[in-house]
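Here is the file model-v6.txt (compact mmCIF, C-alpha atoms).
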```txt
# COMPACT_ATOMS: atom_id res chain seq x y z
CA MET A 856 23.23 -17.31 4.22
CA LYS A 857 21.13 -16.57 1.13
CA TYR A 858 18.16 -14.64 2.54
CA SER A 859 17.57 -12.35 5.51
CA LEU A 860 13.89 -11.62 6.19
CA ILE A 861 13.50 -8.27 7.98
CA VAL A 862 10.24 -7.42 9.75
CA PRO A 863 9.67 -4.14 11.65
CA VAL A 864 6.97 -4.50 14.32
CA TYR A 865 4.90 -2.01 16.27
CA ASN A 866 2.35 -3.44 18.74
CA ARG A 867 1.47 -6.45 16.54
CA PRO A 868 2.36 -9.66 18.48
CA ASP A 869 -0.58 -11.64 17.07
CA GLU A 870 0.40 -10.78 13.49
CA VAL A 871 4.02 -11.73 14.14
CA ASP A 872 2.86 -15.10 15.46
CA GLU A 873 1.00 -15.82 12.21
CA LEU A 874 3.91 -14.66 10.08
CA LEU A 875 6.48 -16.76 11.95
CA GLN A 876 4.21 -19.80 11.80
CA SER A 877 4.11 -19.45 8.01
CA LEU A 878 7.91 -19.22 7.90
CA VAL A 879 8.29 -22.50 9.78
CA GLY A 880 6.71 -24.29 6.83
CA GLN A 881 8.89 -22.82 4.07
CA THR A 882 10.07 -25.41 1.54
CA LEU A 883 13.41 -23.62 1.21
CA GLY A 884 15.39 -23.30 4.43
CA ASP A 885 18.41 -21.09 3.71
CA PHE A 886 17.19 -17.98 5.55
CA GLU A 887 17.24 -16.05 8.79
CA VAL A 888 14.49 -13.93 10.33
CA ILE A 889 15.18 -10.54 11.91
CA ILE A 890 12.37 -9.05 13.99
CA VAL A 891 12.85 -5.39 14.94
CA GLU A 892 10.56 -4.19 17.72
CA ASP A 893 10.07 -0.47 17.04
CA GLY A 894 9.35 0.90 20.51
CA SER A 895 6.20 -1.18 21.00
CA SER A 896 4.17 -0.94 24.21
CA VAL A 897 2.87 -4.45 23.45
CA PRO A 898 6.04 -6.35 22.49
CA CYS A 899 6.27 -9.64 20.62
CA SER A 900 9.34 -10.96 22.46
CA SER A 901 7.45 -13.92 23.96
CA VAL A 902 6.09 -14.82 20.51
CA CYS A 903 9.58 -14.79 19.03
CA GLU A 904 10.90 -16.92 21.91
CA LYS A 905 8.34 -19.57 20.98
CA TYR A 906 9.90 -19.97 17.52
CA LYS A 907 13.59 -19.80 18.49
CA GLN A 908 13.99 -23.58 18.17
CA GLN A 909 12.25 -23.76 14.80
CA LEU A 910 13.74 -20.76 13.00
CA ASN A 911 17.06 -18.96 12.72
CA LEU A 912 15.45 -16.02 14.48
CA HIS A 913 16.97 -12.81 15.83
CA TYR A 914 14.89 -10.40 17.93
CA TYR A 915 15.89 -6.78 18.55
CA ALA A 916 14.09 -4.08 20.53
CA LYS A 917 14.80 -0.38 19.95
CA PRO A 918 13.19 3.05 20.52
CA ASN A 919 10.49 4.07 18.06
CA SER A 920 11.82 5.57 14.82
CA GLY A 921 9.36 4.32 12.18
CA PRO A 922 9.35 1.31 9.85
CA GLY A 923 11.98 2.61 7.44
CA GLN A 924 14.64 3.17 10.08
CA SER A 925 13.73 -0.11 11.75
CA ARG A 926 14.34 -1.91 8.47
CA ASN A 927 17.72 -0.20 8.24
CA TYR A 928 18.46 -1.33 11.80
CA GLY A 929 17.69 -4.91 10.82
CA ALA A 930 19.68 -4.66 7.58
CA GLU A 931 22.79 -3.61 9.51
CA ARG A 932 22.57 -6.86 11.45
CA ALA A 933 21.65 -9.14 8.55
CA SER A 934 24.02 -11.73 7.09
CA GLY A 935 22.06 -12.72 3.97
CA GLU A 936 23.07 -12.07 0.39
CA TYR A 937 19.53 -10.81 -0.25
CA LEU A 938 17.41 -8.80 2.17
CA ILE A 939 13.67 -9.41 2.02
CA VAL A 940 11.57 -6.76 3.75
CA LEU A 941 8.12 -7.82 4.92
CA ASP A 942 5.34 -6.07 6.83
CA SER A 943 4.24 -7.71 10.06
CA ASP A 944 0.70 -8.14 8.71
CA VAL A 945 1.64 -10.57 5.93
CA VAL A 946 1.56 -14.37 5.86
CA LEU A 947 3.70 -16.35 3.40
CA PRO A 948 2.66 -19.44 1.46
CA SER A 949 5.02 -22.38 2.01
CA THR A 950 6.62 -22.00 -1.44
CA TYR A 951 7.34 -18.25 -1.18
CA LEU A 952 11.13 -18.48 -0.86
CA GLU A 953 11.25 -21.35 -3.33
CA GLU A 954 9.57 -19.13 -5.93
CA VAL A 955 12.02 -16.30 -5.18
CA GLU A 956 14.89 -18.74 -5.64
CA LYS A 957 13.50 -19.96 -8.98
CA GLU A 958 13.14 -16.41 -10.29
CA LEU A 959 16.67 -15.41 -9.27
CA HIS A 960 18.06 -18.61 -10.79
CA SER A 961 16.31 -17.92 -14.10
CA ARG A 962 17.43 -14.27 -14.31
CA SER A 963 19.25 -12.08 -11.81
CA ALA A 964 17.67 -9.02 -10.22
CA ASP A 965 19.07 -6.30 -7.98
CA ALA A 966 15.68 -5.73 -6.37
CA PHE A 967 12.34 -7.46 -6.66
CA GLY A 968 8.90 -7.78 -5.19
CA GLY A 969 5.72 -9.78 -5.45
CA PRO A 970 1.96 -9.17 -5.39
CA ASP A 971 -0.47 -9.75 -2.53
CA ARG A 972 -3.69 -11.63 -2.06
CA ALA A 973 -6.52 -11.96 0.46
CA HIS A 974 -6.51 -15.07 2.65
CA SER A 975 -9.68 -17.08 3.21
CA SER A 976 -9.47 -16.28 6.95
CA PHE A 977 -9.66 -12.51 6.36
CA THR A 978 -12.80 -10.67 7.44
CA SER A 979 -15.21 -9.50 4.76
CA THR A 980 -13.98 -5.92 5.29
CA GLN A 981 -10.34 -6.98 4.88
CA LYS A 982 -11.23 -8.84 1.69
CA ALA A 983 -13.08 -5.78 0.40
CA ILE A 984 -10.06 -3.57 1.15
CA SER A 985 -7.76 -6.12 -0.52
CA TYR A 986 -10.02 -6.06 -3.58
CA SER A 987 -9.92 -2.27 -3.71
CA MET A 988 -6.12 -2.19 -3.46
CA THR A 989 -5.63 -4.75 -6.23
CA SER A 990 -8.52 -4.07 -8.64
CA PHE A 991 -8.11 -2.39 -12.00
CA PHE A 992 -11.36 -0.48 -11.39
CA SER A 993 -9.91 1.29 -8.35
CA THR A 994 -6.46 1.84 -9.97
CA GLY A 995 -4.85 -0.80 -7.72
CA GLY A 996 -4.40 -3.20 -10.62
CA ILE A 997 -2.80 -0.49 -12.75
CA ARG A 998 0.01 0.56 -10.42
CA GLY A 999 2.94 -1.80 -10.45
CA GLY A 1000 1.20 -5.16 -10.46
CA LYS A 1001 1.66 -6.13 -14.07
CA LYS A 1002 4.66 -7.91 -15.50
CA LYS A 1003 4.41 -5.98 -18.76
CA LEU A 1004 5.28 -2.66 -17.08
CA ASP A 1005 8.62 -1.22 -18.18
CA ARG A 1006 9.69 -0.60 -14.60
CA PHE A 1007 8.55 -2.29 -11.43
CA PHE A 1008 8.78 -0.51 -8.09
CA PRO A 1009 8.70 -2.95 -5.15
CA ARG A 1010 6.65 -2.11 -2.07
CA SER A 1011 7.83 -2.74 1.47
CA PHE A 1012 5.19 -5.33 2.35
CA ASN A 1013 6.99 -7.74 -0.02
CA MET A 1014 10.33 -6.34 -1.19
CA GLY A 1015 13.71 -7.95 -1.83
CA ILE A 1016 17.06 -6.34 -2.59
CA ARG A 1017 20.68 -7.41 -2.78
CA LYS A 1018 22.40 -6.45 0.46
CA ASP A 1019 25.28 -4.68 -1.28
CA VAL A 1020 22.81 -2.54 -3.24
CA TYR A 1021 20.93 -1.74 -0.04
CA GLN A 1022 24.14 -0.60 1.62
CA LYS A 1023 25.30 1.49 -1.34
CA LEU A 1024 22.00 3.39 -1.44
CA GLY A 1025 21.76 3.89 2.32
CA GLY A 1026 18.49 2.05 2.80
CA PHE A 1027 15.20 3.73 3.61
CA SER A 1028 14.79 7.46 4.23
CA LYS A 1029 13.22 9.11 7.28
CA MET A 1030 9.85 9.60 5.58
CA ARG A 1031 6.94 8.10 7.54
CA PHE A 1032 4.87 7.45 4.41
CA GLY A 1033 6.06 6.65 0.90
CA GLU A 1034 9.54 5.68 2.09
CA ASP A 1035 9.36 2.38 0.22
CA ILE A 1036 8.50 4.07 -3.09
CA ASP A 1037 11.25 6.62 -2.48
CA PHE A 1038 13.71 3.76 -2.00
CA SER A 1039 12.45 1.97 -5.13
CA TYR A 1040 12.86 5.16 -7.16
CA ARG A 1041 16.43 5.53 -5.90
CA ILE A 1042 17.16 1.93 -6.83
CA VAL A 1043 15.96 2.48 -10.41
CA GLU A 1044 17.60 5.91 -10.71
CA ALA A 1045 20.92 4.36 -9.70
CA GLY A 1046 20.67 2.00 -12.68
CA TYR A 1047 19.81 -1.22 -10.85
CA GLN A 1048 17.39 -3.78 -12.26
CA THR A 1049 14.04 -4.40 -10.56
CA ARG A 1050 11.65 -7.23 -11.37
CA LEU A 1051 8.20 -8.43 -10.42
CA PHE A 1052 8.15 -12.04 -9.21
CA PRO A 1053 4.47 -12.89 -9.86
CA LYS A 1054 4.55 -16.23 -8.03
CA ALA A 1055 6.29 -14.84 -4.94
CA TRP A 1056 3.06 -13.47 -3.51
CA VAL A 1057 1.97 -12.97 0.11
CA TRP A 1058 -1.31 -12.78 1.97
CA HIS A 1059 -1.59 -9.17 3.13
CA LYS A 1060 -4.11 -8.13 5.78
CA ARG A 1061 -3.75 -4.38 5.26
CA ARG A 1062 -6.19 -2.38 7.45
CA THR A 1063 -8.99 -3.92 9.49
CA ASP A 1064 -11.58 -1.15 9.11
CA LEU A 1065 -12.42 1.67 6.71
CA ARG A 1066 -11.46 4.46 9.11
CA LYS A 1067 -7.89 3.17 9.39
CA PHE A 1068 -7.88 2.46 5.65
CA PHE A 1069 -8.89 6.07 4.92
CA ARG A 1070 -6.01 7.37 7.02
CA GLN A 1071 -3.57 5.05 5.23
CA VAL A 1072 -4.57 6.10 1.72
CA TYR A 1073 -4.85 9.76 2.77
CA ASN A 1074 -1.20 9.66 3.80
CA SER A 1075 -0.38 7.90 0.53
CA GLY A 1076 -1.93 10.79 -1.38
CA ILE A 1077 0.23 13.23 0.57
CA ALA A 1078 3.29 11.08 -0.05
CA ARG A 1079 2.72 11.12 -3.81
CA ILE A 1080 3.29 14.89 -4.03
CA ASN A 1081 6.30 14.67 -1.72
CA LEU A 1082 7.71 11.90 -3.91
CA GLU A 1083 7.27 14.02 -7.04
CA LYS A 1084 9.23 16.80 -5.35
CA LEU A 1085 12.02 14.36 -4.48
CA HIS A 1086 11.93 12.56 -7.85
CA PRO A 1087 10.67 14.95 -10.56
CA GLY A 1088 8.87 13.25 -13.41
CA THR A 1089 7.62 10.26 -11.41
CA LEU A 1090 4.05 11.63 -11.18
CA LYS A 1091 2.02 9.76 -13.81
CA LEU A 1092 -1.55 9.97 -15.05
CA VAL A 1093 -2.58 7.00 -12.94
CA HIS A 1094 -1.54 8.92 -9.81
CA LEU A 1095 -3.93 11.72 -10.78
CA LEU A 1096 -6.96 9.47 -11.23
CA PRO A 1097 -7.99 9.34 -7.53
CA MET A 1098 -7.82 13.14 -7.36
CA LEU A 1099 -9.90 13.49 -10.54
CA PHE A 1100 -12.37 10.94 -9.17
CA THR A 1101 -12.65 12.87 -5.89
CA VAL A 1102 -13.21 16.22 -7.62
CA GLY A 1103 -15.71 14.57 -9.99
CA ILE A 1104 -17.74 13.09 -7.13
CA ILE A 1105 -17.82 16.44 -5.32
CA VAL A 1106 -18.98 18.23 -8.47
CA LEU A 1107 -21.69 15.64 -9.17
CA VAL A 1108 -23.03 15.80 -5.61
CA PHE A 1109 -22.99 19.61 -5.69
CA VAL A 1110 -24.88 19.70 -9.02
CA SER A 1111 -27.43 17.21 -7.68
CA ALA A 1112 -27.91 19.26 -4.50
CA PHE A 1113 -28.35 22.39 -6.60
CA GLY A 1114 -30.98 20.66 -8.72
CA ARG A 1115 -32.80 19.48 -5.60
CA ALA A 1116 -32.88 23.02 -4.22
CA MET A 1117 -34.14 24.46 -7.50
CA MET A 1118 -36.96 21.88 -7.56
CA HIS A 1119 -38.26 23.65 -4.48
CA TYR A 1120 -37.52 27.28 -5.41
CA ASN A 1121 -38.35 27.16 -9.13
CA ALA A 1122 -41.43 24.99 -9.36
CA ASP A 1123 -42.25 26.25 -12.88
CA ASN A 1124 -39.30 24.27 -14.22
CA TYR A 1125 -39.73 21.35 -11.84
CA SER A 1126 -39.16 18.66 -14.51
CA LEU A 1127 -35.91 20.25 -15.68
CA TRP A 1128 -34.49 20.56 -12.16
CA LYS A 1129 -35.60 17.02 -11.35
CA TRP A 1130 -33.31 15.76 -14.10
CA VAL A 1131 -30.50 18.02 -12.84
CA PHE A 1132 -31.04 16.37 -9.45
CA LEU A 1133 -31.12 12.78 -10.77
CA LEU A 1134 -28.61 12.66 -13.64
CA PRO A 1135 -25.42 13.17 -11.56
CA TRP A 1136 -26.18 9.97 -9.67
CA ILE A 1137 -26.11 7.82 -12.81
CA PRO A 1138 -22.29 7.64 -13.16
CA ILE A 1139 -21.93 7.14 -9.38
CA LEU A 1140 -24.43 4.29 -9.38
CA PHE A 1141 -22.90 2.78 -12.53
CA TYR A 1142 -19.44 2.74 -10.96
CA SER A 1143 -20.82 1.26 -7.74
CA LEU A 1144 -22.61 -1.46 -9.70
CA LEU A 1145 -19.41 -2.24 -11.63
CA ILE A 1146 -17.45 -2.63 -8.38
CA PHE A 1147 -20.22 -4.72 -6.81
CA ILE A 1148 -20.45 -7.16 -9.72
CA ASP A 1149 -16.71 -7.56 -10.22
CA SER A 1150 -15.90 -7.99 -6.54
CA SER A 1151 -18.85 -10.34 -5.94
CA ILE A 1152 -17.66 -12.59 -8.76
CA ARG A 1153 -14.01 -12.52 -7.71
CA ASN A 1154 -14.75 -13.10 -4.03
CA HIS A 1155 -17.82 -15.34 -4.50
CA SER A 1156 -19.74 -13.15 -2.06
CA VAL A 1157 -22.30 -10.38 -2.51
CA ILE A 1158 -21.49 -9.17 1.02
CA ILE A 1159 -17.87 -8.55 0.06
CA GLY A 1160 -19.11 -7.07 -3.20
CA ALA A 1161 -21.22 -4.54 -1.31
CA LYS A 1162 -18.41 -3.69 1.12
CA SER A 1163 -16.03 -3.28 -1.83
CA ILE A 1164 -18.08 -0.28 -2.97
CA ALA A 1165 -17.35 1.49 0.31
CA ALA A 1166 -13.71 0.36 0.19
CA ALA A 1167 -13.23 1.66 -3.36
CA PHE A 1168 -14.74 5.06 -2.56
CA THR A 1169 -12.67 5.22 0.64
CA GLN A 1170 -9.48 4.40 -1.24
CA LEU A 1171 -9.96 6.79 -4.14
CA MET A 1172 -11.34 9.73 -2.18
CA GLY A 1173 -8.99 9.29 0.78
CA TYR A 1174 -6.02 9.31 -1.59
CA GLY A 1175 -7.57 12.16 -3.56
CA PHE A 1176 -8.06 14.40 -0.51
CA GLY A 1177 -4.50 13.76 0.66
CA PHE A 1178 -3.18 14.50 -2.82
CA ILE A 1179 -5.15 17.77 -3.03
CA GLU A 1180 -3.97 18.94 0.39
CA ALA A 1181 -0.35 18.17 -0.45
CA TRP A 1182 -0.66 19.87 -3.85
CA TRP A 1183 -2.04 23.00 -2.19
CA LYS A 1184 0.65 23.16 0.49
CA ARG A 1185 3.66 22.06 -1.56
CA CYS A 1186 2.88 23.36 -5.06
CA VAL A 1187 0.69 26.41 -4.45
CA ARG A 1188 1.91 27.68 -1.08
CA LYS A 1189 5.48 26.44 -1.79
CA GLN A 1190 6.00 25.00 1.68
CA ASP A 1191 8.84 22.56 2.21
CA ALA A 1192 7.95 18.97 3.08
CA PHE A 1193 8.74 19.15 6.78
CA THR A 1194 6.86 22.43 7.34
CA ALA A 1195 3.81 21.26 5.41
CA PHE A 1196 3.70 17.75 6.83
CA GLU A 1197 5.79 17.52 9.97
CA LYS A 1198 3.97 14.33 11.02
CA ASN A 1199 4.98 12.64 7.75
CA PHE A 1200 8.68 12.70 8.62
CA TYR A 1201 10.85 11.58 11.47
CA SER A 1202 13.20 14.23 12.82
```

Could you quickly redo this structure as C-alpha cells?
Amino acid sequence: MKYSLIVPVYNRPDEVDELLQSLVGQTLGDFEVIIVEDGSSVPCSSVCEKYKQQLNLHYYAKPNSGPGQSRNYGAERASGEYLIVLDSDVVLPSTYLEEVEKELHSRSADAFGGPDRAHSSFTSTQKAISYSMTSFFSTGGIRGGKKKLDRFFPRSFNMGIRKDVYQKLGGFSKMRFGEDIDFSYRIVEAGYQTRLFPKAWVWHKRRTDLRKFFRQVYNSGIARINLEKLHPGTLKLVHLLPMLFTVGIIVLVFVSAFGRAMMHYNADNYSLWKWVFLLPWIPILFYSLLIFIDSSIRNHSVIIGAKSIAAAFTQLMGYGFGFIEAWWKRCVRKQDAFTAFEKNFYS
C-alpha cells in the first residue's frame, strides 16, 4: 500500500460524505482511507458504510482526544508507505493523488503538503474567508504558500509524511491548536526534507461564518507564542504583522475618537480637530478598498469582495488579539503554557 489517508472527524458527517465522494473518483487507486471518529455525538458511521464497497475504507470510533491524537490513532493502524493527513472539511480533485505521485517520482520528500482553494459551491462568506487565508494582502499568501521559500511547513488540512518518519518523531503533540505546525517544526529540526507540492491542492471549506473564523484565528495567535516557546527562533516578522495591524487599528480609531471629542470641546480649533478626526480613517479605507478590488477581481464578485473586507479584518485582528494575550501571559507574566491556556491543551 502506497498511501494511507487519515481523517479525524468530529460531528461532521456531511463533510465526510463529500470528502469520500471525491476519493471515489481518484485517478490513482493505490490508497486506503482511515476515518477516526473523535467522540462525535453525530457520528459518520452510516456515511462510511455507504462507501465500503467503493473504497478501501476503515472506520474507527474512539473517545474525544482532539485531532492530533486522533491522527496518531489512525497512523498506528495505517499500512501505507506515506501517511496523508486531511481535515474532514476538504474535498480532493480527481488528480490529487496522481499529482502527489508525480512529485514524489520526480524528487523524494520526507514530508510534503499542498495549497488550498475555494470551490465554486462554497458560500460567499466561505469564499471570502478562503480569500483572506490565501491572500498576500492579509499575510495568508506570505506564510508557507510559495515554492521559493527556503523551508516549507505542511499544515494538517493537506499534509503528507513518510510513515517511518512519523513513527520516529512520535506524531502529533497534545496541543489543541498549532499541533500541525509543531509537528512540521519537529520534522525540519530533525533534518528531514519538506516540500510544497503546488499541484496537489485541495478545496478547503474552513469556517462557515465570521464568528467561528474569529475564534479559529484567535487560537492561532495564541498558538504562535506557544510555538515560539517550544521552538525558539521560529517567530518571524510575518507572524508579527497581524499584531502590528491590530495595534495600529486601535491607535487610529482612538486618535479619531479623540479628534471627534475635541471638535465638540475645543470649537476654536474646529478645523484642526476635524482633520484629526478624519485622517486616521484614510489608511483604513485604503486597505479596505485594496482588499475589495483584489478579491472582487479574483472571485469575479463584488459581494465576495465586500465580505472579504470583513474577513480580512477578522483574520488579522483575531490573530492579533490572541497573539497579544499569549504574549502578555507567557512572556510578561511568565506563565507556563498549560496554566495560561489550559483549554489549548489536552491533559

I'd like the interatomic distance between atom CA of Thr1169 of chain A and atom CA of Cys1186 of chain A, to a tenth of an Å.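 The value is 24.6 Å.
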
Of the candidates A:His1155, A:His1059, A:His1094, A:Lys1162, which shows the shortest atom-to-atom distance to Phe1178 of chain A, using all atoms listed in the file?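 For Phe1178 of chain A, the nearest of the candidates is A:His1094.
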
What's the 9 Å shell around Ser979 of chain A, counting all atoms listed in the file, without same-chain residues fewer than 6 positions away, as a PyMOL selection string? chain A and resi 1156+1158-1159+1162

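For the pair atom CA of Ser895 of chain A and atom CA of Tyr928 of chain A, the separation is 15.3 Å.
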
Tell me, in Å to one decimal, how far atom CA of Leu1145 of chain A is from atom CA of Gly1076 of chain A. 24.1 Å

When you look at Lys1018 of chain A with a cut-off of 7 Å (counting all atoms listed in the file), what residues show up, excluding the ones that are within fewer than 5 positions of it in the same chain? I need them as a ChimeraX atom specification. /A:936-938

Report as a short mmCIF file (atom, residue, chain, number, x, y, z; two decimals) with C-alpha atoms, in the frame of the given file all protein, DNA and RNA residues lying within 7 Å of Phe967 of chain A, evaluated on all atoms listed in the file, omitting residues in the same chain fewer than 5 positions from it.
```
data_model
loop_
_atom_site.label_atom_id
_atom_site.label_comp_id
_atom_site.auth_asym_id
_atom_site.auth_seq_id
_atom_site.Cartn_x
_atom_site.Cartn_y
_atom_site.Cartn_z
CA PRO A 1009 8.70 -2.95 -5.15
CA MET A 1014 10.33 -6.34 -1.19
CA GLY A 1015 13.71 -7.95 -1.83
CA ILE A 1016 17.06 -6.34 -2.59
CA THR A 1049 14.04 -4.40 -10.56
CA ARG A 1050 11.65 -7.23 -11.37
CA LEU A 1051 8.20 -8.43 -10.42
CA PHE A 1052 8.15 -12.04 -9.21
#
```

Proximity to Gly923 of chain A - best of A:Arg1185, A:Lys905, A:Arg1031, A:Arg1010, all atoms listed in the file: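 Among A:Arg1185, A:Lys905, A:Arg1031, A:Arg1010, it is A:Arg1031 that comes nearest to Gly923 of chain A.
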
Fewer than 4 positions away in the same chain doesn't count, so skip those; otherwise give me all residues within 12 Å of Glu956 of chain A, counting only C-alpha atoms, as a ChimeraX atom specification. /A:857-858,882-886,937,950-952,960-964,967,1015,1052,1054-1055
